[in-house]
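Colleague: Supplied in structure tokens, the structure appears directly below.
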Amino acid sequence: MGDLYCAAIREKSGLKMHDKFKEECGVFGIFGHPEAANMTYLGLYALQHRGQESAGIAASNLKDVVVSKAMGYVADTFSGETLSALQGSVAIGHVRYSTAGESKLANAQPILIDCAHGQVAICHNGNLVNARELRDQLVRQGSIFQSSTDTEVVLHLYARSRAGSVEDAIVESVSQVQGAFSFLLLTKDSLVAVRDPHGFRPLALGRLDEAFVVCSETCAMDLIGATYIREIEPGEVLVISDSGLRSIKPFGPAPLAHCVFEHVYFARPDSYVFGMSVNEVRTNLGRILAREQRIDGDVVVPVPDSGVCAAMGYADEAGIPLRMGLIRNHYVGRTFIQPQSSIRHFGVKVKLNPVRSILEGKRVVLVDDSIVRGTTSRKIVRMVRAAGAREVHVRISCPPTISPCYYGVDTPQRAELIAATHSVEGIRDFLEADTLGYLSLQGLLTAVGSRSGSFCRSCYTGVYPVESPRDEQGYLQLALKLDKESVSQR
Ligand code: SF4
């Protein structure tokens with residue numbers, strides 16, 4: 001993302017959080033297109049689901065790099081005027097996950113600096129697990145940070161590098177960070193894509209006429225008419241310049257750990273992620289869930305939007321009709337003001353409304369992708385029951401989430417994950433559902449097929465492929481400290 005700290009800050013400060021996991025950013029870059037900033041704007045538009053707090057674009061006219069970024073949705077952030085100020089044939093862009101309330105413009109990306117190696121802008125999807133140590137060292141050596149993001153650490157390492165070339169300085173700096181990173185860097189005359197050796201976050205390469213495109217998900221290529229070429233390989237540094245493509249592999253061998261939750265929930269179903277169709281994997285999750293957690297029902301109802309593909313698979317496999325018994329309002333913006341009334345389940349009702357004619361008198365199989373704290377799921381179960389459902393059977397298209405993510409996904413502390421502290425029966429009881437069934441870990445891995453060994457599944461197992469921050473409490477305290485510092489500087 002990379003804001004190592006924002007999730008923790010929200011938790012500690014008591015700011016309202018939605019009871020859903022949140023992706024921590026999307027990136028888009030293009031090299032060799034006369035309208036690079038406009039293309040990046042469209043690419044970010046397609047990646048908006050990966051982050052809604054802020055959006056930014058940096059562009060180069062081969063002499064100077066200019067950046068424009070602001071809080072809010074992509075469509076609200078850029079006007080024709082701001083885009084026309086972003087001249088040049090090379091650009092990178094970023095969308096960042098939304099935080100409730102306080103301003104975080106200091107953390108918006110791309111971050112642009114000017115140093116001995118010249119101007120460089122960076123944007124990041126992922127999370128660096130050793131940012132705290134590196135930051136402490138750099139601060140002791142005199143570095144002054146302008147944000148509380150882990151990403152900024154890379155820029156300080158880059159600025160301090162004594163390497164003889166820009167490329168070597170980039171390689172030297174990214175070689176010192178650990179964790180999850182899909183970086184895009186923009187120099188005045190090149191676009192550099194970097195993916196960590198585990199390949200946690202997706203990053204794909206495509207082509208649009210003579211231009212090269214790099215982005216988090218292929219849905220961004222579809223919008224601008226670009227063609228998918230391949231994944232940026234885990235551990236690859238791909239330099240795109242007038243000399244063409246140069247691939248560097250500076251990292252040692254590491255086990256692959258693609259985030260399986262991209263397929264479960266984050267990525268758009270019309271994307272290919274880690275070389276696989278998200279729709280296909282997600283529908284398979286539903287099919288396998290139906291085999292493992294069969295229940296007699298009258299209708300299968302997805303929790304929209306993320307539960308739709310799995311519900312389709314479930315309904316197909318179980319031979320139960322799929323019905324859209326919950327309708328989502330897509331126009332609930334960040335600025336929605338909740339009135340001071342005591343309407344029951346108000347927060348959920350703004351987003352979802354039940355269709356009584358579908359639910360009344362029915363045995364409903366309610367399919368969703370995950371349960372975080374359980375509070376929203378309980379409201380939805382109550383809502384479905386209040387609309388007349390005779391029975392409500394909850395089916396979840398992934399295993400119980402028992403452990404936080406340190407690789408770029410905003411999860412609460414372990415103690416707040418309901419599956420970390422409750423049995424499945426205890427969760428069912430909390431949700432007030434008639435039955436509750438989760439997909440098994442084996443079922444999840446079967447759905448991603450023969451490459452199942454290359455996926456991270458730490459949030460379901462508590463076993464981490466890359467060492468997590470040394471202690472969760474210390475990590476949270478640092479988060480608070482850094483946030484206070486960043487707030488007081490504004
Ligand atoms: S811990 Fe879970 S959410 Fe995080 S990278 Fe691994 S699979 Fe994805």
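Going by the structure tokens order, chains are called A, B, ..., each with residues numbered from 1, while ligands are numbered from 1 in the order shown.
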When you look at Met312 in chain A with a cut-off of 12 Å (counting only C-alpha atoms), what residues show up, excluding the ones that are within fewer than 4 positions of it in the same chain? I need them as JSON, numbers by chain.

Modeller: {"A": [279, 280, 281, 282, 283, 284, 285, 286, 287, 288, 289, 290, 299, 300, 301, 302, 303, 304, 305, 306, 307, 308, 316, 317, 318, 319, 320, 321, 322, 323, 324, 365, 366, 367, 368, 397]}

Colleague: Print the selection's residues with C-alpha atoms to a file, as a JSON list (two decimals), in the first residue's frame.

Modeller:
```
[["chain", "number", "residue", "atom", "x", "y", "z"],
["A", 279, "ASN", "CA", -14.43, -15.68, -11.78],
["A", 280, "GLU", "CA", -13.50, -19.29, -12.45],
["A", 281, "VAL", "CA", -11.74, -19.75, -9.11],
["A", 282, "ARG", "CA", -14.50, -18.00, -7.19],
["A", 283, "THR", "CA", -17.24, -20.07, -8.85],
["A", 284, "ASN", "CA", -15.23, -23.22, -8.04],
["A", 285, "LEU", "CA", -15.09, -22.13, -4.40],
["A", 286, "GLY", "CA", -18.89, -22.12, -4.40],
["A", 287, "ARG", "CA", -19.12, -25.51, -6.09],
["A", 288, "ILE", "CA", -16.78, -27.13, -3.61],
["A", 289, "LEU", "CA", -18.53, -25.39, -0.74],
["A", 290, "ALA", "CA", -21.82, -26.93, -1.91],
["A", 299, "VAL", "CA", -33.08, -20.39, -2.61],
["A", 300, "VAL", "CA", -29.38, -19.54, -2.70],
["A", 301, "VAL", "CA", -28.91, -15.84, -1.98],
["A", 302, "PRO", "CA", -25.53, -14.12, -2.38],
["A", 303, "VAL", "CA", -24.37, -11.29, -0.17],
["A", 304, "PRO", "CA", -23.60, -8.83, -2.97],
["A", 305, "ASP", "CA", -21.26, -8.15, -4.58],
["A", 306, "SER", "CA", -18.41, -10.31, -3.42],
["A", 307, "GLY", "CA", -20.54, -13.37, -2.65],
["A", 308, "VAL", "CA", -22.14, -13.54, -6.10],
["A", 316, "ASP", "CA", -25.29, -24.81, -9.75],
["A", 317, "GLU", "CA", -23.73, -27.60, -7.76],
["A", 318, "ALA", "CA", -26.57, -27.94, -5.25],
["A", 319, "GLY", "CA", -29.33, -27.62, -7.86],
["A", 320, "ILE", "CA", -30.99, -24.85, -5.83],
["A", 321, "PRO", "CA", -32.18, -21.71, -7.65],
["A", 322, "LEU", "CA", -30.04, -18.59, -7.25],
["A", 323, "ARG", "CA", -32.03, -15.48, -6.41],
["A", 324, "MET", "CA", -30.87, -11.93, -5.70],
["A", 365, "VAL", "CA", -28.82, -20.47, 1.86],
["A", 366, "LEU", "CA", -26.94, -17.21, 2.33],
["A", 367, "VAL", "CA", -23.51, -17.24, 0.64],
["A", 368, "ASP", "CA", -20.75, -14.79, 1.56],
["A", 397, "SER", "CA", -16.54, -19.59, 0.62]]
```

Colleague: Using DSSP assignments from the backbone, pull out every residue in range 185-427 of chain A that falls under strand (DSSP E) and give it to me as a ChimeraX atom specification.

Modeller: /A:185-186,191-195,204-208,211-215,227-231,237-241,244-248,258-259,272-273,276-277,299-302,326-328,352-354,363-368,391-396,409-410

Colleague: Pick the closest to Val237 in chain A from A:Val194, A:Cys405, A:Cys259, A:Leu62: which is it, counting only C-alpha atoms?

Modeller: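 Ranked by minimum distance to Val237 in chain A, first place goes to A:Val194.
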
Colleague: Can I get the residues close to ligand 1 as a VMD selection string, where close means within 9 Å and we count only C-alpha atoms and all ligand atoms?

Modeller: chain A and resid 21 23 126 180 200 to 201 257 to 262 401 403 to 411 455 to 465

Colleague: Given the selection you just returned, output its residues as a file containing N, CA, C and O atoms, formatted as a short mmCIF file (atom, residue, chain, number, x, y, z; two decimals), in the first residue's frame.

Modeller:
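Result file follows (selection.cif):
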```
data_model
loop_
_atom_site.label_atom_id
_atom_site.label_comp_id
_atom_site.auth_asym_id
_atom_site.auth_seq_id
_atom_site.Cartn_x
_atom_site.Cartn_y
_atom_site.Cartn_z
N PHE A 21 -12.67 -7.25 5.21
CA PHE A 21 -11.27 -7.02 4.95
C PHE A 21 -11.15 -5.97 3.86
O PHE A 21 -12.02 -5.85 3.02
N GLU A 23 -8.60 -4.33 0.88
CA GLU A 23 -7.38 -4.35 0.08
C GLU A 23 -6.64 -3.06 0.34
O GLU A 23 -7.21 -2.07 0.78
N GLY A 126 1.04 -3.64 -1.15
CA GLY A 126 1.65 -4.65 -0.30
C GLY A 126 1.96 -4.07 1.06
O GLY A 126 1.38 -3.06 1.45
N ALA A 180 5.67 -7.99 1.44
CA ALA A 180 4.87 -8.01 0.21
C ALA A 180 5.04 -6.69 -0.52
O ALA A 180 4.78 -5.63 0.05
N PHE A 200 3.46 -12.03 -3.43
CA PHE A 200 2.23 -11.90 -2.63
C PHE A 200 1.12 -11.20 -3.41
O PHE A 200 0.00 -11.67 -3.47
N ARG A 201 1.46 -10.03 -3.93
CA ARG A 201 0.43 -9.22 -4.61
C ARG A 201 0.58 -9.38 -6.12
O ARG A 201 1.69 -9.55 -6.63
N ALA A 257 4.15 -17.28 -2.57
CA ALA A 257 3.08 -17.07 -1.58
C ALA A 257 2.08 -16.06 -2.14
O ALA A 257 1.87 -14.99 -1.58
N HIS A 258 1.46 -16.43 -3.27
CA HIS A 258 0.42 -15.55 -3.83
C HIS A 258 -0.74 -15.47 -2.84
O HIS A 258 -1.15 -16.50 -2.30
N CYS A 259 -1.28 -14.29 -2.65
CA CYS A 259 -2.38 -14.11 -1.69
C CYS A 259 -3.65 -14.78 -2.22
O CYS A 259 -4.25 -14.32 -3.19
N VAL A 260 -4.06 -15.85 -1.57
CA VAL A 260 -5.24 -16.59 -2.05
C VAL A 260 -6.51 -15.76 -1.86
O VAL A 260 -7.51 -15.96 -2.56
N PHE A 261 -6.43 -14.78 -0.96
CA PHE A 261 -7.61 -13.97 -0.68
C PHE A 261 -7.94 -13.01 -1.84
O PHE A 261 -9.05 -12.51 -1.95
N GLU A 262 -6.96 -12.78 -2.72
CA GLU A 262 -7.26 -12.03 -3.95
C GLU A 262 -8.35 -12.78 -4.72
O GLU A 262 -9.25 -12.16 -5.27
N THR A 401 -11.20 -17.30 9.27
CA THR A 401 -10.03 -16.41 9.31
C THR A 401 -9.60 -16.28 10.77
O THR A 401 -10.29 -15.65 11.57
N SER A 403 -6.24 -15.44 11.81
CA SER A 403 -4.98 -14.74 12.06
C SER A 403 -4.87 -13.51 11.17
O SER A 403 -5.38 -13.52 10.05
N PRO A 404 -4.21 -12.45 11.65
CA PRO A 404 -4.12 -11.23 10.83
C PRO A 404 -3.20 -11.41 9.63
O PRO A 404 -2.38 -12.33 9.60
N CYS A 405 -3.32 -10.49 8.70
CA CYS A 405 -2.43 -10.47 7.54
C CYS A 405 -1.39 -9.38 7.73
O CYS A 405 -1.73 -8.27 8.12
N TYR A 406 -0.13 -9.69 7.43
CA TYR A 406 0.93 -8.68 7.50
C TYR A 406 1.43 -8.31 6.11
O TYR A 406 2.47 -7.70 5.96
N TYR A 407 0.69 -8.75 5.08
CA TYR A 407 1.21 -8.61 3.72
C TYR A 407 0.32 -7.73 2.84
O TYR A 407 0.14 -8.00 1.67
N GLY A 408 -0.30 -6.72 3.46
CA GLY A 408 -0.98 -5.75 2.62
C GLY A 408 -2.49 -5.81 2.67
O GLY A 408 -3.16 -5.19 1.85
N VAL A 409 -3.04 -6.56 3.61
CA VAL A 409 -4.49 -6.60 3.76
C VAL A 409 -4.83 -6.10 5.15
O VAL A 409 -4.20 -6.51 6.13
N ASP A 410 -5.81 -5.23 5.21
CA ASP A 410 -6.18 -4.63 6.48
C ASP A 410 -7.05 -5.61 7.27
O ASP A 410 -8.21 -5.82 6.94
N THR A 411 -6.47 -6.23 8.29
CA THR A 411 -7.25 -7.12 9.16
C THR A 411 -7.16 -6.61 10.58
O THR A 411 -6.16 -6.02 10.98
N PHE A 455 0.41 -20.64 -3.06
CA PHE A 455 -0.46 -19.62 -2.45
C PHE A 455 -0.19 -19.45 -0.96
O PHE A 455 0.02 -20.42 -0.23
N CYS A 456 -0.27 -18.17 -0.52
CA CYS A 456 -0.26 -17.86 0.90
C CYS A 456 -1.66 -18.13 1.44
O CYS A 456 -2.65 -17.82 0.80
N ARG A 457 -1.70 -18.75 2.63
CA ARG A 457 -3.00 -18.99 3.28
C ARG A 457 -2.86 -18.72 4.77
O ARG A 457 -3.50 -19.34 5.60
N SER A 458 -1.96 -17.81 5.12
CA SER A 458 -1.60 -17.58 6.53
C SER A 458 -2.76 -17.12 7.40
O SER A 458 -2.80 -17.43 8.58
N CYS A 459 -3.69 -16.36 6.83
CA CYS A 459 -4.80 -15.88 7.66
C CYS A 459 -5.72 -17.02 8.08
O CYS A 459 -6.53 -16.86 8.98
N TYR A 460 -5.58 -18.17 7.43
CA TYR A 460 -6.38 -19.34 7.81
C TYR A 460 -5.59 -20.33 8.66
O TYR A 460 -6.17 -21.25 9.24
N THR A 461 -4.28 -20.17 8.68
CA THR A 461 -3.45 -21.16 9.39
C THR A 461 -2.64 -20.53 10.53
O THR A 461 -2.23 -21.24 11.45
N GLY A 462 -2.36 -19.24 10.44
CA GLY A 462 -1.50 -18.60 11.44
C GLY A 462 -0.02 -18.90 11.21
O GLY A 462 0.83 -18.49 12.00
N VAL A 463 0.31 -19.58 10.11
CA VAL A 463 1.71 -19.87 9.79
C VAL A 463 2.12 -18.93 8.66
O VAL A 463 1.46 -18.89 7.61
N TYR A 464 3.19 -18.17 8.89
CA TYR A 464 3.53 -17.09 7.96
C TYR A 464 4.77 -17.42 7.13
O TYR A 464 5.78 -17.85 7.69
N PRO A 465 4.71 -17.18 5.82
CA PRO A 465 5.87 -17.47 4.97
C PRO A 465 7.01 -16.49 5.16
O PRO A 465 8.16 -16.82 4.88
#
```

Colleague: Of the candidates A:Ile371, A:Ile111, A:Ile396, A:Ala389, which one gets nearest to Gln293 in chain A if we count only C-alpha atoms?

Modeller: A:Ile396

Colleague: Using CA of Ser271 in chain A and CA of Glu217 in chain A as the two end points, give the distance in Å to one decimal.

Modeller: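 Taking CA of Ser271 in chain A and CA of Glu217 in chain A, their separation equals 5.8 Å.
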
Colleague: When you count only C-alpha atoms, which of these residues is closest to Ile229 in chain A: A:Arg328, A:Ile144, A:Gly275, A:Asn127?

Modeller: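 Residue with the minimum atom-to-atom distance to Ile229 in chain A: A:Gly275.
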
Colleague: Under the rule that only C-alpha atoms are counted, which of A:Ile380, A:Ala75, A:Leu441, A:Val372 is the nearest residue to Pro354 in chain A?

Modeller: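 Ranking A:Ile380, A:Ala75, A:Leu441, A:Val372 by distance to Pro354 in chain A, first place goes to A:Ile380.
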
Colleague: List every residue of range 292-419 of chain A that DSSP, applied to the backbone of this structure, places in helix (DSSP H, G or I), and write the result as an MDAnalysis selection string.

Modeller: chainID A and resid 292 308:318 346:351 356:359 375:386 414:416 418:419

Colleague: Mind dumping the selected residues with N, CA and C atoms as a CSV table (one decimal), in the first residue's frame?

Modeller:
```csv
chain,number,residue,atom,x,y,z
A,292,GLU,N,-19.1,-29.7,0.1
A,292,GLU,CA,-18.7,-29.9,1.5
A,292,GLU,C,-19.8,-29.5,2.6
A,308,VAL,N,-21.3,-13.1,-5.0
A,308,VAL,CA,-22.1,-13.5,-6.1
A,308,VAL,C,-21.6,-14.8,-6.8
A,309,CYS,N,-20.3,-14.7,-7.2
A,309,CYS,CA,-19.7,-15.8,-8.0
A,309,CYS,C,-19.8,-17.1,-7.2
A,310,ALA,N,-19.4,-17.1,-5.9
A,310,ALA,CA,-19.4,-18.3,-5.1
A,310,ALA,C,-20.9,-18.8,-5.0
A,311,ALA,N,-21.8,-17.9,-4.9
A,311,ALA,CA,-23.2,-18.3,-4.8
A,311,ALA,C,-23.7,-19.0,-6.1
A,312,MET,N,-23.2,-18.5,-7.2
A,312,MET,CA,-23.6,-19.1,-8.5
A,312,MET,C,-23.0,-20.5,-8.5
A,313,GLY,N,-21.8,-20.7,-8.1
A,313,GLY,CA,-21.2,-22.0,-8.1
A,313,GLY,C,-22.0,-22.9,-7.1
A,314,TYR,N,-22.3,-22.4,-6.0
A,314,TYR,CA,-23.0,-23.2,-5.0
A,314,TYR,C,-24.4,-23.6,-5.5
A,315,ALA,N,-25.1,-22.7,-6.1
A,315,ALA,CA,-26.5,-23.0,-6.6
A,315,ALA,C,-26.4,-24.0,-7.7
A,316,ASP,N,-25.5,-23.8,-8.6
A,316,ASP,CA,-25.3,-24.8,-9.7
A,316,ASP,C,-25.1,-26.2,-9.2
A,317,GLU,N,-24.1,-26.3,-8.3
A,317,GLU,CA,-23.7,-27.6,-7.8
A,317,GLU,C,-24.8,-28.2,-6.9
A,318,ALA,N,-25.5,-27.4,-6.2
A,318,ALA,CA,-26.6,-27.9,-5.3
A,318,ALA,C,-27.9,-28.1,-6.0
A,346,PHE,N,-29.1,0.1,10.8
A,346,PHE,CA,-29.1,1.2,9.8
A,346,PHE,C,-27.9,1.1,8.9
A,347,GLY,N,-26.7,0.9,9.5
A,347,GLY,CA,-25.5,0.9,8.6
A,347,GLY,C,-25.6,-0.1,7.5
A,348,VAL,N,-26.1,-1.3,7.8
A,348,VAL,CA,-26.2,-2.3,6.8
A,348,VAL,C,-27.3,-2.0,5.8
A,349,LYS,N,-28.4,-1.5,6.3
A,349,LYS,CA,-29.6,-1.2,5.5
A,349,LYS,C,-29.2,-0.1,4.4
A,350,VAL,N,-28.3,0.8,4.7
A,350,VAL,CA,-27.9,1.7,3.7
A,350,VAL,C,-27.3,1.0,2.5
A,351,LYS,N,-26.6,0.0,2.7
A,351,LYS,CA,-25.9,-0.7,1.6
A,351,LYS,C,-26.7,-1.9,1.1
A,356,ARG,N,-38.3,-9.0,-0.1
A,356,ARG,CA,-39.3,-9.8,0.7
A,356,ARG,C,-39.9,-10.9,-0.2
A,357,SER,N,-40.2,-10.6,-1.4
A,357,SER,CA,-40.9,-11.5,-2.3
A,357,SER,C,-40.0,-12.8,-2.6
A,358,ILE,N,-38.8,-12.6,-2.5
A,358,ILE,CA,-37.9,-13.7,-2.7
A,358,ILE,C,-37.6,-14.5,-1.4
A,359,LEU,N,-37.6,-13.8,-0.3
A,359,LEU,CA,-37.2,-14.4,1.0
A,359,LEU,C,-38.3,-15.0,1.8
A,375,THR,N,-20.1,-9.0,13.1
A,375,THR,CA,-21.2,-8.1,13.5
A,375,THR,C,-22.0,-7.8,12.2
A,376,THR,N,-21.4,-7.6,11.1
A,376,THR,CA,-22.2,-7.3,9.9
A,376,THR,C,-22.9,-8.5,9.4
A,377,SER,N,-22.3,-9.7,9.5
A,377,SER,CA,-23.0,-10.9,9.1
A,377,SER,C,-24.2,-11.1,9.9
A,378,ARG,N,-24.1,-10.8,11.2
A,378,ARG,CA,-25.3,-11.0,12.1
A,378,ARG,C,-26.4,-10.1,11.7
A,379,LYS,N,-26.1,-8.8,11.3
A,379,LYS,CA,-27.1,-7.9,10.9
A,379,LYS,C,-27.8,-8.4,9.6
A,380,ILE,N,-27.0,-9.0,8.7
A,380,ILE,CA,-27.6,-9.5,7.5
A,380,ILE,C,-28.5,-10.6,7.7
A,381,VAL,N,-28.1,-11.6,8.6
A,381,VAL,CA,-28.9,-12.7,9.0
A,381,VAL,C,-30.2,-12.2,9.6
A,382,ARG,N,-30.1,-11.2,10.5
A,382,ARG,CA,-31.4,-10.7,11.1
A,382,ARG,C,-32.3,-10.0,10.0
A,383,MET,N,-31.6,-9.3,9.1
A,383,MET,CA,-32.4,-8.6,8.1
A,383,MET,C,-33.1,-9.6,7.2
A,384,VAL,N,-32.4,-10.7,6.8
A,384,VAL,CA,-33.1,-11.8,6.0
A,384,VAL,C,-34.2,-12.4,6.7
A,385,ARG,N,-34.0,-12.7,8.0
A,385,ARG,CA,-35.1,-13.3,8.8
A,385,ARG,C,-36.3,-12.3,8.9
A,386,ALA,N,-35.9,-11.0,9.2
A,386,ALA,CA,-37.0,-10.1,9.3
A,386,ALA,C,-37.8,-9.9,8.0
A,414,ARG,N,-5.8,-10.2,16.1
A,414,ARG,CA,-6.3,-11.6,16.2
A,414,ARG,C,-7.5,-11.7,17.1
A,415,ALA,N,-7.5,-11.0,18.3
A,415,ALA,CA,-8.5,-11.1,19.3
A,415,ALA,C,-9.9,-10.6,18.7
A,416,GLU,N,-9.9,-9.8,17.7
A,416,GLU,CA,-11.1,-9.3,17.1
A,416,GLU,C,-11.7,-10.1,16.0
A,418,ILE,N,-13.5,-13.1,14.8
A,418,ILE,CA,-14.4,-13.9,15.6
A,418,ILE,C,-14.0,-15.4,15.5
A,419,ALA,N,-13.4,-15.8,14.4
A,419,ALA,CA,-13.0,-17.2,14.2
A,419,ALA,C,-11.8,-17.5,15.1
```

Colleague: Would you work out the distance separating CA of Val177 in chain A from CA of Leu134 in chain A, expressed in Å to one decimal?

Modeller: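 So the answer is 8.1 Å.
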
Colleague: Nearest to Ala46 in chain A: which of A:Leu223, A:Val166, A:Leu203, A:Gln119 is it, counting only C-alpha atoms?

Modeller: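 Ranked by minimum distance to Ala46 in chain A, first place goes to A:Leu223.
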
Colleague: Quick one: everything within 12 Å of Asp114 in chain A, counting only C-alpha atoms, minus sequence neighbours fewer than 4 positions away in the same chain. Send it as a list in words.

Modeller: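 Contacts, with the query itself left out: Asp64, Val65, Val66, Gly118, Gln119, Val120, Ala121, Ile122, Leu155, His156, Tyr158, Ala159, Arg160, Leu186, Thr187 and Lys188 of chain A.
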
Colleague: Write a file of the just-selected residues containing N, CA, C and O atoms, as a short mmCIF file (atom, residue, chain, number, x, y, z; two decimals), in the first residue's frame.

Modeller:
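The file below, part_8.cif, is the result:
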```cif
data_model
loop_
_atom_site.label_atom_id
_atom_site.label_comp_id
_atom_site.auth_asym_id
_atom_site.auth_seq_id
_atom_site.Cartn_x
_atom_site.Cartn_y
_atom_site.Cartn_z
N ASP A 64 11.05 16.17 -16.66
CA ASP A 64 10.60 16.38 -15.29
C ASP A 64 9.48 15.40 -14.94
O ASP A 64 8.66 15.07 -15.80
N VAL A 65 9.46 15.02 -13.67
CA VAL A 65 8.35 14.21 -13.17
C VAL A 65 7.45 15.13 -12.35
O VAL A 65 7.92 15.90 -11.51
N VAL A 66 6.15 15.04 -12.63
CA VAL A 66 5.16 15.86 -11.91
C VAL A 66 4.14 14.92 -11.29
O VAL A 66 3.78 13.91 -11.89
N GLY A 118 18.42 11.84 -9.17
CA GLY A 118 17.37 12.49 -9.94
C GLY A 118 16.00 12.25 -9.33
O GLY A 118 15.88 11.71 -8.23
N GLN A 119 14.98 12.66 -10.05
CA GLN A 119 13.62 12.50 -9.53
C GLN A 119 13.19 11.04 -9.63
O GLN A 119 13.50 10.35 -10.62
N VAL A 120 12.45 10.60 -8.64
CA VAL A 120 11.83 9.27 -8.72
C VAL A 120 10.51 9.33 -7.96
O VAL A 120 10.41 9.96 -6.90
N ALA A 121 9.50 8.69 -8.54
CA ALA A 121 8.20 8.56 -7.87
C ALA A 121 7.94 7.07 -7.66
O ALA A 121 8.36 6.24 -8.47
N ILE A 122 7.26 6.77 -6.56
CA ILE A 122 7.01 5.35 -6.25
C ILE A 122 5.56 5.16 -5.83
O ILE A 122 4.95 6.04 -5.20
N LEU A 155 12.36 4.90 -0.65
CA LEU A 155 12.90 6.12 -1.24
C LEU A 155 14.14 6.61 -0.48
O LEU A 155 15.09 7.10 -1.08
N HIS A 156 14.11 6.47 0.85
CA HIS A 156 15.29 6.87 1.63
C HIS A 156 16.48 5.96 1.32
O HIS A 156 17.61 6.43 1.21
N TYR A 158 16.95 4.45 -1.46
CA TYR A 158 17.34 4.80 -2.83
C TYR A 158 18.20 6.08 -2.81
O TYR A 158 19.26 6.14 -3.44
N ALA A 159 17.75 7.07 -2.08
CA ALA A 159 18.47 8.35 -2.05
C ALA A 159 19.87 8.18 -1.47
O ALA A 159 20.80 8.88 -1.84
N ARG A 160 20.01 7.23 -0.54
CA ARG A 160 21.30 7.03 0.12
C ARG A 160 22.23 6.11 -0.67
O ARG A 160 23.40 5.97 -0.34
N LEU A 186 8.85 5.45 -11.12
CA LEU A 186 8.92 6.27 -12.33
C LEU A 186 10.12 7.19 -12.20
O LEU A 186 10.22 7.96 -11.24
N THR A 187 11.06 7.07 -13.14
CA THR A 187 12.14 8.05 -13.22
C THR A 187 11.81 8.94 -14.41
O THR A 187 10.79 8.73 -15.07
N LYS A 188 12.66 9.88 -14.72
CA LYS A 188 12.27 10.79 -15.79
C LYS A 188 12.16 10.07 -17.14
O LYS A 188 11.38 10.48 -17.99
#
```

Colleague: Would you pick out the contacts of Gly56 in chain A at 10 Å or less, using only C-alpha atoms, so that residues sharing its chain but fewer than 4 positions from it are not included, and give the list as a compact mmCIF listing (two decimals) with C-alpha atoms, in the first residue's frame?

Modeller:
```txt
# COMPACT_ATOMS: atom_id res chain seq x y z
CA VAL A 27 -1.15 0.32 -9.03
CA THR A 40 -3.43 5.93 -16.06
CA TYR A 41 -6.58 7.74 -14.98
CA LEU A 44 -7.05 3.61 -11.82
CA VAL A 67 2.70 14.39 -9.43
CA SER A 68 -0.94 15.10 -8.64
CA LYS A 69 -2.80 13.38 -5.82
CA ALA A 70 -5.76 14.02 -3.57
CA MET A 71 -8.14 12.34 -1.17
CA GLY A 72 -11.18 10.68 -2.67
CA TYR A 73 -12.29 8.57 -5.59
CA VAL A 74 -10.43 8.66 -8.89
CA THR A 77 -9.65 13.54 -7.75
CA PHE A 78 -8.77 14.39 -11.36
CA ILE A 92 2.31 5.67 -12.80
CA GLY A 93 -0.77 5.84 -10.60
CA HIS A 94 -2.10 4.57 -7.33
CA VAL A 95 -5.39 4.09 -5.50
CA ARG A 96 -5.27 3.67 -1.77
CA ALA A 108 -1.23 9.35 -0.60
CA GLN A 109 0.86 7.99 -3.44
CA PRO A 110 2.80 8.20 -5.72
CA ILE A 111 5.45 9.72 -3.46
CA CYS A 123 3.72 3.59 -5.60
```

Colleague: Any idea what the distance is between CA of Thr218 in chain A and CA of Pro202 in chain A?

Modeller: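 Taking CA of Thr218 in chain A as the start and CA of Pro202 in chain A as the end point, the length is 9.7 Å.
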